[in-house]
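Chemist: This is query_27.cif (mmCIF, C-alpha atoms).
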```
data_my_file
#
loop_
_atom_site.label_atom_id
_atom_site.label_comp_id
_atom_site.auth_asym_id
_atom_site.auth_seq_id
_atom_site.Cartn_x
_atom_site.Cartn_y
_atom_site.Cartn_z
CA MET A 1020 64.32 -26.21 -29.11
CA LYS A 1021 61.52 -28.68 -28.48
CA ILE A 1022 61.55 -29.93 -32.07
CA TRP A 1023 65.28 -30.56 -31.75
CA THR A 1024 64.80 -32.61 -28.56
CA VAL A 1025 61.97 -34.62 -30.15
CA MET A 1026 64.09 -35.36 -33.22
CA MET A 1027 67.13 -36.47 -31.22
CA GLN A 1028 64.95 -38.70 -29.07
CA ILE A 1029 63.37 -40.29 -32.14
CA LEU A 1030 66.88 -41.04 -33.38
CA LEU A 1031 67.66 -42.67 -30.04
CA ILE A 1032 64.51 -44.80 -30.41
CA HIS A 1033 65.80 -45.85 -33.84
CA ILE A 1034 68.80 -47.45 -32.15
CA PHE A 1035 66.38 -49.84 -30.47
CA LEU A 1036 64.82 -50.58 -33.85
CA PHE A 1037 68.23 -51.46 -35.33
CA LEU A 1038 69.14 -53.57 -32.29
CA ALA A 1039 65.82 -55.37 -32.67
CA ILE A 1040 66.39 -56.02 -36.39
CA GLY A 1041 69.83 -57.45 -35.58
CA LEU A 1042 68.52 -59.60 -32.76
CA LYS A 1043 65.64 -60.89 -34.90
CA GLN A 1044 68.05 -62.05 -37.61
CA LEU A 1045 70.51 -63.51 -35.14
CA LEU A 1046 67.99 -65.54 -33.16
CA SER A 1047 65.28 -65.75 -35.85
CA ILE A 1048 62.56 -64.62 -33.44
CA PRO A 1049 59.10 -65.01 -35.03
CA LEU A 1050 57.98 -61.51 -33.94
CA PRO A 1051 58.17 -58.25 -35.91
CA ALA A 1052 61.23 -56.10 -35.17
CA SER A 1053 59.07 -53.29 -33.80
CA MET A 1054 57.63 -55.56 -31.08
CA ILE A 1055 61.12 -56.79 -30.16
CA GLY A 1056 62.26 -53.15 -30.08
CA LEU A 1057 59.41 -52.32 -27.72
CA VAL A 1058 60.59 -55.02 -25.32
CA LEU A 1059 64.22 -53.82 -25.62
CA LEU A 1060 63.31 -50.20 -24.89
CA PHE A 1061 61.19 -51.32 -21.97
CA LEU A 1062 64.08 -53.38 -20.57
CA ALA A 1063 66.51 -50.47 -21.05
CA LEU A 1064 64.19 -48.22 -19.06
CA PHE A 1065 63.50 -50.88 -16.45
CA LEU A 1066 67.18 -51.71 -15.91
CA ARG A 1067 67.92 -47.97 -15.85
CA ILE A 1068 70.32 -48.22 -18.79
CA ILE A 1069 68.59 -45.13 -20.17
CA LYS A 1070 66.56 -42.46 -18.41
CA LEU A 1071 62.89 -41.83 -19.10
CA GLU A 1072 63.63 -38.17 -19.97
CA TRP A 1073 65.89 -39.29 -22.81
CA VAL A 1074 63.02 -40.77 -24.83
CA GLU A 1075 59.79 -39.46 -23.31
CA GLN A 1076 59.17 -36.43 -25.54
CA GLY A 1077 60.11 -38.24 -28.73
CA ALA A 1078 57.93 -41.20 -27.78
CA ASN A 1079 55.00 -38.93 -26.98
CA TRP A 1080 55.25 -37.29 -30.40
CA LEU A 1081 55.46 -40.63 -32.21
CA MET A 1082 52.45 -42.00 -30.32
CA ALA A 1083 50.39 -38.83 -30.86
CA GLU A 1084 51.00 -38.94 -34.63
CA LEU A 1085 50.65 -42.72 -35.01
CA LEU A 1086 47.74 -42.43 -37.46
CA LEU A 1087 49.92 -40.44 -39.88
CA PHE A 1088 52.09 -43.51 -40.40
CA PHE A 1089 49.09 -45.71 -41.20
CA ILE A 1090 47.86 -43.43 -43.99
CA PRO A 1091 49.95 -44.97 -46.83
CA SER A 1092 48.58 -48.44 -45.98
CA ALA A 1093 45.05 -47.04 -46.15
CA VAL A 1094 45.78 -45.43 -49.53
CA GLY A 1095 47.17 -48.81 -50.63
CA ILE A 1096 43.69 -50.33 -50.39
CA VAL A 1097 42.94 -48.89 -53.87
CA ASN A 1098 45.32 -51.51 -55.26
CA TYR A 1099 42.90 -54.25 -54.23
CA ASN A 1100 40.19 -54.47 -56.84
CA GLU A 1101 38.71 -57.40 -54.92
CA ILE A 1102 37.36 -54.94 -52.38
CA ALA A 1103 35.30 -53.17 -55.05
CA SER A 1104 32.91 -56.10 -55.38
CA TRP A 1105 29.78 -57.32 -53.63
CA GLN A 1106 32.00 -59.66 -51.62
CA GLY A 1107 34.11 -56.65 -50.61
CA VAL A 1108 31.03 -54.84 -49.33
CA GLU A 1109 30.01 -57.95 -47.39
CA ILE A 1110 33.43 -58.31 -45.81
CA VAL A 1111 33.47 -54.64 -44.71
CA PHE A 1112 30.05 -55.27 -43.16
CA ILE A 1113 31.38 -58.39 -41.39
CA ILE A 1114 34.42 -56.49 -40.09
CA GLY A 1115 32.14 -53.74 -38.78
CA ILE A 1116 29.84 -56.13 -36.88
CA SER A 1117 32.70 -58.25 -35.60
CA THR A 1118 34.70 -55.22 -34.42
CA PHE A 1119 31.62 -53.97 -32.59
CA ILE A 1120 31.16 -57.35 -30.88
CA VAL A 1121 34.85 -57.59 -29.91
CA MET A 1122 34.95 -54.04 -28.56
CA SER A 1123 31.81 -54.22 -26.47
CA LEU A 1124 32.35 -57.75 -25.12
CA THR A 1125 35.99 -57.05 -24.20
CA ALA A 1126 34.85 -53.97 -22.27
CA PHE A 1127 32.08 -55.94 -20.53
CA ILE A 1128 34.37 -58.81 -19.59
CA ALA A 1129 37.06 -56.47 -18.23
CA ASP A 1130 34.46 -54.47 -16.30
CA TRP A 1131 32.84 -57.62 -14.93
CA ILE A 1132 36.13 -59.09 -13.69
CA GLU A 1133 37.14 -55.79 -12.11
CA LYS A 1134 33.83 -55.47 -10.27
CA LYS A 1135 33.94 -59.08 -9.12
CA LYS A 1136 37.49 -58.65 -7.89
CA GLY A 1137 36.48 -55.45 -6.12
CA ALA A 1138 33.60 -57.20 -4.40
CA HIS A 1139 35.88 -60.05 -3.39
CA VAL A 1140 38.30 -57.73 -1.61
CA GLU A 1141 35.46 -56.19 0.40
CA MET B 801 62.63 -36.41 -54.13
CA MET B 802 59.37 -38.35 -54.36
CA ILE B 803 59.80 -39.40 -50.74
CA LEU B 804 60.05 -35.79 -49.57
CA LEU B 805 57.08 -34.74 -51.71
CA VAL B 806 54.85 -37.59 -50.55
CA THR B 807 55.83 -37.09 -46.92
CA VAL B 808 55.13 -33.36 -46.97
CA ILE B 809 51.84 -33.63 -48.86
CA THR B 810 50.59 -36.47 -46.66
CA TYR B 811 51.58 -34.54 -43.54
CA VAL B 812 49.81 -31.37 -44.71
CA PHE B 813 46.60 -33.26 -45.57
CA TYR B 814 46.84 -35.06 -42.25
CA LEU B 815 47.15 -31.79 -40.28
CA LEU B 816 44.24 -30.36 -42.25
CA THR B 817 42.09 -33.41 -41.46
CA LYS B 818 43.00 -33.19 -37.78
CA LYS B 819 41.88 -29.56 -37.74
CA LEU B 820 38.59 -30.40 -39.45
CA ASN B 821 38.09 -33.32 -37.09
CA LYS B 822 38.64 -31.11 -34.05
CA ARG B 823 36.27 -28.46 -35.36
CA PHE B 824 33.41 -30.69 -36.53
CA ALA B 825 33.95 -34.02 -34.74
CA PHE B 826 32.26 -35.85 -37.63
CA PRO B 827 33.19 -39.53 -38.27
CA LEU B 828 34.04 -38.84 -41.93
CA PHE B 829 36.87 -36.59 -40.78
CA HIS B 830 38.72 -39.45 -39.05
CA PRO B 831 42.38 -39.04 -40.15
CA LEU B 832 42.54 -42.61 -41.40
CA LEU B 833 39.48 -42.16 -43.59
CA PHE B 834 39.49 -38.56 -44.81
CA THR B 835 43.24 -38.10 -45.43
CA PRO B 836 43.55 -41.25 -47.60
CA LEU B 837 40.42 -40.16 -49.49
CA LEU B 838 41.95 -36.73 -50.17
CA ILE B 839 45.19 -38.35 -51.33
CA ILE B 840 43.39 -40.83 -53.58
CA ILE B 841 41.39 -37.98 -55.15
CA VAL B 842 44.51 -35.86 -55.69
CA ILE B 843 46.64 -38.62 -57.23
CA THR B 844 43.73 -39.69 -59.44
CA LEU B 845 43.27 -36.12 -60.70
CA LEU B 846 47.02 -35.79 -61.32
CA ASN B 847 47.14 -39.20 -62.99
CA ILE B 848 49.78 -40.49 -60.57
CA PRO B 849 49.59 -44.29 -60.10
CA ALA B 850 48.98 -45.37 -56.51
CA SER B 851 52.14 -47.48 -56.63
CA GLU B 852 54.23 -44.37 -57.22
CA TYR B 853 52.67 -42.68 -54.21
CA LEU B 854 53.32 -45.78 -52.12
CA ASP B 855 56.97 -45.91 -53.24
CA GLY B 856 57.32 -42.36 -51.98
CA ALA B 857 55.65 -43.21 -48.69
CA THR B 858 58.43 -45.52 -47.44
CA PHE B 859 59.61 -42.97 -44.87
CA LEU B 860 56.15 -42.63 -43.32
CA THR B 861 55.59 -46.38 -43.26
CA HIS B 862 59.05 -46.88 -41.80
CA MET B 863 58.09 -44.62 -38.89
CA LEU B 864 55.50 -47.19 -37.79
CA GLY B 865 58.46 -49.14 -36.34
CA PRO B 866 59.77 -46.45 -33.98
CA ALA B 867 56.18 -45.45 -33.18
CA THR B 868 55.41 -48.99 -32.01
CA ILE B 869 58.60 -49.08 -29.95
CA ALA B 870 57.57 -45.77 -28.34
CA PHE B 871 54.72 -47.56 -26.57
CA ALA B 872 57.31 -49.03 -24.20
CA VAL B 873 57.25 -45.63 -22.47
CA PRO B 874 53.64 -45.67 -21.17
CA ILE B 875 54.06 -49.33 -20.17
CA TYR B 876 57.19 -48.48 -18.19
CA LYS B 877 55.53 -45.48 -16.57
CA HIS B 878 52.56 -47.58 -15.50
CA LEU B 879 54.35 -50.78 -14.64
CA SER B 880 52.46 -51.10 -11.37
CA ILE B 881 49.22 -51.29 -13.41
CA LEU B 882 50.57 -54.16 -15.49
CA LYS B 883 51.59 -56.09 -12.38
CA LYS B 884 48.29 -55.48 -10.64
CA TYR B 885 46.09 -56.31 -13.62
CA LEU B 886 48.12 -59.04 -15.31
CA GLY B 887 45.48 -61.72 -14.66
CA LEU B 888 42.59 -59.51 -15.69
CA ILE B 889 44.33 -58.46 -18.90
CA THR B 890 45.20 -62.05 -19.78
CA ILE B 891 41.61 -63.27 -19.30
CA SER B 892 39.98 -60.31 -21.09
CA ILE B 893 42.31 -60.46 -24.07
CA THR B 894 42.22 -64.26 -24.35
CA ALA B 895 38.43 -63.95 -24.52
CA GLY B 896 38.57 -60.90 -26.81
CA SER B 897 40.91 -62.53 -29.32
CA LEU B 898 38.77 -65.70 -29.40
CA ILE B 899 35.67 -63.57 -29.98
CA ALA B 900 37.49 -61.74 -32.80
CA VAL B 901 38.43 -64.97 -34.58
CA PHE B 902 35.10 -66.74 -34.03
CA SER B 903 32.85 -63.79 -34.93
CA SER B 904 34.80 -63.15 -38.15
CA TYR B 905 34.64 -66.86 -38.95
CA GLY B 906 30.95 -67.29 -38.13
CA LEU B 907 29.77 -64.22 -40.01
CA SER B 908 31.91 -65.12 -43.04
CA LEU B 909 30.45 -68.65 -43.13
CA LEU B 910 26.96 -67.19 -42.79
CA LEU B 911 27.47 -64.91 -45.81
CA HIS B 912 29.29 -67.61 -47.86
CA ILE B 913 32.50 -65.59 -48.20
CA ASP B 914 35.13 -67.13 -50.50
CA ARG B 915 37.78 -69.25 -48.89
CA SER B 916 40.74 -66.91 -49.54
CA PHE B 917 38.83 -63.94 -48.11
CA LEU B 918 37.58 -65.95 -45.14
CA VAL B 919 41.00 -67.24 -44.13
CA SER B 920 42.59 -63.81 -44.63
CA VAL B 921 40.03 -62.05 -42.44
CA LEU B 922 40.60 -64.23 -39.35
CA PRO B 923 43.69 -62.44 -37.94
CA ARG B 924 42.25 -58.96 -38.74
CA SER B 925 42.04 -57.73 -35.14
CA ILE B 926 45.79 -57.51 -34.46
CA THR B 927 48.65 -55.26 -35.48
CA THR B 928 49.59 -55.44 -39.20
CA PRO B 929 53.02 -57.18 -39.18
CA ILE B 930 51.87 -59.99 -36.89
CA ALA B 931 48.54 -60.33 -38.70
CA MET B 932 50.52 -60.89 -41.92
CA GLU B 933 52.64 -63.59 -40.26
CA VAL B 934 49.58 -65.39 -38.90
CA SER B 935 47.84 -65.05 -42.27
CA LYS B 936 50.79 -66.70 -44.04
CA GLU B 937 50.84 -69.49 -41.50
CA ILE B 938 47.13 -70.33 -41.86
CA GLY B 939 47.15 -70.16 -45.67
CA GLY B 940 45.62 -66.70 -46.13
CA LEU B 941 46.83 -63.88 -48.35
CA PRO B 942 48.98 -61.55 -46.18
CA THR B 943 48.35 -58.47 -48.36
CA LEU B 944 44.59 -59.01 -48.22
CA THR B 945 44.91 -59.42 -44.44
CA THR B 946 46.66 -56.02 -44.29
CA VAL B 947 43.66 -54.47 -46.01
CA PHE B 948 41.29 -56.07 -43.49
CA VAL B 949 43.48 -54.95 -40.58
CA ILE B 950 43.37 -51.35 -41.81
CA ILE B 951 39.59 -51.51 -42.35
CA THR B 952 39.28 -52.87 -38.81
CA GLY B 953 41.31 -49.93 -37.52
CA VAL B 954 39.27 -47.33 -39.39
CA VAL B 955 35.94 -48.88 -38.35
CA GLY B 956 37.08 -49.38 -34.74
CA GLY B 957 38.52 -45.89 -34.42
CA ILE B 958 35.29 -44.38 -35.68
CA MET B 959 32.86 -46.47 -33.62
CA GLY B 960 35.01 -46.49 -30.45
CA PRO B 961 33.75 -43.27 -28.84
CA SER B 962 30.07 -44.10 -29.52
CA VAL B 963 30.42 -47.64 -28.12
CA ILE B 964 32.15 -46.30 -25.00
CA LYS B 965 29.46 -43.66 -24.55
CA ARG B 966 26.46 -45.87 -25.38
CA PHE B 967 27.50 -48.64 -22.98
CA ALA B 968 28.69 -46.14 -20.35
CA ILE B 969 32.15 -47.71 -20.12
CA THR B 970 33.75 -45.40 -17.59
CA SER B 971 36.79 -47.28 -16.29
CA PRO B 972 39.97 -46.36 -18.21
CA MET B 973 40.96 -50.01 -17.88
CA ALA B 974 37.92 -51.31 -19.79
CA GLN B 975 38.11 -48.44 -22.30
CA GLY B 976 41.75 -49.13 -23.08
CA LEU B 977 41.44 -52.92 -23.26
CA ALA B 978 38.38 -52.69 -25.55
CA LEU B 979 40.04 -50.20 -27.94
CA GLY B 980 43.40 -51.99 -28.12
CA MET B 981 41.81 -55.43 -28.48
CA SER B 982 39.30 -54.46 -31.17
CA ALA B 983 41.28 -51.94 -33.22
CA HIS B 984 45.02 -52.49 -32.50
CA GLY B 985 47.21 -49.38 -33.02
CA VAL B 986 44.39 -47.23 -34.33
CA GLY B 987 42.32 -48.03 -31.25
CA THR B 988 45.33 -47.26 -29.08
CA SER B 989 45.70 -43.87 -30.72
CA LYS B 990 42.01 -43.28 -29.90
CA ALA B 991 42.66 -44.41 -26.32
CA MET B 992 45.12 -41.54 -25.92
CA GLU B 993 42.09 -39.22 -25.85
CA TYR B 994 40.94 -41.04 -22.70
CA GLY B 995 44.18 -40.44 -20.78
CA GLU B 996 47.45 -42.17 -19.97
CA GLN B 997 45.90 -45.08 -18.10
CA ALA B 998 43.61 -45.97 -20.98
CA THR B 999 46.61 -45.67 -23.34
CA THR B 1000 48.63 -48.09 -21.23
CA PHE B 1001 45.83 -50.65 -21.10
CA SER B 1002 45.24 -50.27 -24.81
CA THR B 1003 48.93 -50.80 -25.58
CA LEU B 1004 49.02 -53.87 -23.37
CA ALA B 1005 45.83 -55.17 -25.01
CA MET B 1006 47.42 -54.75 -28.44
CA ILE B 1007 50.57 -56.64 -27.42
CA PHE B 1008 48.69 -59.42 -25.62
CA ALA B 1009 46.21 -59.77 -28.51
CA ALA B 1010 49.03 -60.13 -31.04
CA THR B 1011 50.87 -62.70 -28.92
CA ILE B 1012 47.78 -64.77 -28.11
CA THR B 1013 46.59 -64.69 -31.73
CA ILE B 1014 49.94 -66.20 -32.80
CA VAL B 1015 48.99 -69.14 -30.55
CA TRP B 1016 45.49 -69.37 -32.08
CA GLY B 1017 47.16 -69.34 -35.50
CA LYS B 1018 49.01 -72.50 -34.56
CA LEU B 1019 46.46 -74.32 -32.40
CA LEU B 1020 42.94 -73.23 -33.25
CA ILE B 1021 42.61 -71.58 -36.66
CA PRO B 1022 43.94 -74.54 -38.72
CA THR B 1023 41.07 -76.64 -37.33
CA LEU B 1024 38.54 -73.93 -38.20
CA VAL B 1025 39.97 -73.59 -41.70
CA ALA B 1026 39.74 -77.36 -42.23
CA PHE B 1027 35.95 -77.12 -41.86
CA ILE B 1028 35.44 -74.65 -44.73
#
```
Render the structure in this file as structure tokens.
Modeler:
Amino acid sequence: MKIWTVMMQILLIHIFLFLAIGLKQLLSIPLPASMIGLVLLFLALFLRIIKLEWVEQGANWLMAELLLFFIPSAVGIVNYNEIASWQGVEIVFIIGISTFIVMSLTAFIADWIEKKKGAHVE
Amino acid sequence: MMILLVTVITYVFYLLTKKLNKRFAFPLFHPLLFTPLLIIIVITLLNIPASEYLDGATFLTHMLGPATIAFAVPIYKHLSILKKYLGLITISITAGSLIAVFSSYGLSLLLHIDRSFLVSVLPRSITTPIAMEVSKEIGGLPTLTTVFVIITGVVGGIMGPSVIKRFAITSPMAQGLALGMSAHGVGTSKAMEYGEQATTFSTLAMIFAATITIVWGKLLIPTLVAFI
């Protein structure tokens, strides 16, 4: 029964995708349809046009299995011979270092602001 | 037919990897590293061209759309968090996205990376479809940018837990913002292991990062590119 609910809810979420695709073409919004769909679903929940229970289980499944949907793009990397070069190795190295810097500094900045704010309130 | 086959095989390998990952918790078993490796090995052995596999994968790739939309749910459930932390999120992610662009730029200059690679790597820290748009706008190669975005996700997803542990980042807010800012959707999927609050912050970080990076693509990056 749970699988059935999840599937129906994913279909309901698709309606927001189609609405978003339509809206994007109509107004030529420079954002991907999925982002527009996210805003639409949020608004529908916020304005109580749909109930949280109608999409919650389907959304939870989609979010939990998100990595599955990225796998084809990762397989697609084999099509880029440029990566199999010294330059490719260097760029992977750069991405690694840069990602590390972004991750740790973002955490530090967020932590720092939160602590400062906390101190301010006291 | 191919679509069904590819979907089923990918799903089975993915479940297998998740099991291995749970059992051994070894970075190699990250689903975005080990599953693609398995698939590449299998299609190479069976002499199937990668393009044929990718044609069959349209259903899986399509599901990225609904999966992104699904993240409206945690945001809605934790709306009070968004209101309370709006300023903090804006500052952290503005800084984070600047750091992402400048560190990629600086390191690439340092290692004398070719122009097309350098330009394409700049929007690598944000979600694929927007990264492609920004890449086009700044004169990069959108497909190459996709590759860098995925590498960023894999690397970020793997290093995330060690960074959080090593630097003792205990607040779900900082955990989520760091993961979503540095590794977009893949980081957000990692954030789900840290609870609903971290997931919400990570989702918000991903959305803010994408939006702010569109602005950098118009205002800042063209100036940087002009210096190469």
Chemist: Selected by the PyMOL selection byres ((chain A and resi 1088) around 9) in the shown coordinates: which residues, as a VMD selection string?
Modeler: (chain A and resid 1084 to 1087 1089 to 1092) or (chain B and resid 859 to 864 867)
Chemist: Store the residues picked out above in a file with C-alpha atoms, as a short mmCIF file (atom, residue, chain, number, x, y, z; two decimals), in the frame of the given file.
Modeler:
```cif
data_model
loop_
_atom_site.label_atom_id
_atom_site.label_comp_id
_atom_site.auth_asym_id
_atom_site.auth_seq_id
_atom_site.Cartn_x
_atom_site.Cartn_y
_atom_site.Cartn_z
CA GLU A 1084 51.00 -38.94 -34.63
CA LEU A 1085 50.65 -42.72 -35.01
CA LEU A 1086 47.74 -42.43 -37.46
CA LEU A 1087 49.92 -40.44 -39.88
CA PHE A 1089 49.09 -45.71 -41.20
CA ILE A 1090 47.86 -43.43 -43.99
CA PRO A 1091 49.95 -44.97 -46.83
CA SER A 1092 48.58 -48.44 -45.98
CA PHE B 859 59.61 -42.97 -44.87
CA LEU B 860 56.15 -42.63 -43.32
CA THR B 861 55.59 -46.38 -43.26
CA HIS B 862 59.05 -46.88 -41.80
CA MET B 863 58.09 -44.62 -38.89
CA LEU B 864 55.50 -47.19 -37.79
CA ALA B 867 56.18 -45.45 -33.18
#
```
Chemist: Give the answer as one residue: which of A:Leu1046, A:Val1058, A:Ile1120, A:Ala1078 has the shortest atom-to-atom distance to Met1027 in chain A, using only C-alpha atoms?
Modeler: A:Ala1078
Chemist: May I have the residues within 7 Å of Trp1073 in chain A as a list of chain:residue names, using all atoms listed in the file and disregarding those fewer than 3 positions away in the same chain?
Modeler: A:Gln1028, A:Ile1069, A:Lys1070
Chemist: As a list of chain:residue names, please: the residues near Leu837 in chain B (cut-off 9 Å, only C-alpha atoms, same-chain neighbours under 5 positions excluded).
Modeler: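 Contacts, with the query itself left out: A:Ala1093, A:Val1094, B:Leu832, B:Val842.
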Chemist: When distances are computed from all atoms listed in the file, which of A:Ala1103, A:Leu1042, A:Leu1081, A:Ile1068 shows the smallest separation from chain B?
Modeler: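 Under the stated criterion, the closest residue is A:Leu1081.
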Chemist: Taking 3 positions as the minimum chain separation for residues in the same chain, which residues sit within 7 Å of range 887-899 of chain B when counting only C-alpha atoms? Answer as a ChimeraX atom specification.
Modeler: /A:1121,1125,1128-1129,1132 /B:902-903,981,1005,1008-1009,1012-1013
Chemist: Tell me which residues come within 12 Å of (33.2, -37.8, -35.7), as a compact mmCIF listing (two decimals) with C-alpha atoms, in the frame of the given file, counting all atoms listed in the file in the file's coordinates.
Modeler:
```
# COMPACT_ATOMS: atom_id res chain seq x y z
CA THR B 817 42.09 -33.41 -41.46
CA LYS B 818 43.00 -33.19 -37.78
CA LEU B 820 38.59 -30.40 -39.45
CA ASN B 821 38.09 -33.32 -37.09
CA LYS B 822 38.64 -31.11 -34.05
CA ARG B 823 36.27 -28.46 -35.36
CA PHE B 824 33.41 -30.69 -36.53
CA ALA B 825 33.95 -34.02 -34.74
CA PHE B 826 32.26 -35.85 -37.63
CA PRO B 827 33.19 -39.53 -38.27
CA LEU B 828 34.04 -38.84 -41.93
CA PHE B 829 36.87 -36.59 -40.78
CA HIS B 830 38.72 -39.45 -39.05
CA PRO B 831 42.38 -39.04 -40.15
CA LEU B 832 42.54 -42.61 -41.40
CA LEU B 833 39.48 -42.16 -43.59
CA PHE B 834 39.49 -38.56 -44.81
CA VAL B 954 39.27 -47.33 -39.39
CA VAL B 955 35.94 -48.88 -38.35
CA GLY B 957 38.52 -45.89 -34.42
CA ILE B 958 35.29 -44.38 -35.68
CA MET B 959 32.86 -46.47 -33.62
CA GLY B 960 35.01 -46.49 -30.45
CA PRO B 961 33.75 -43.27 -28.84
CA SER B 962 30.07 -44.10 -29.52
CA LYS B 990 42.01 -43.28 -29.90
```
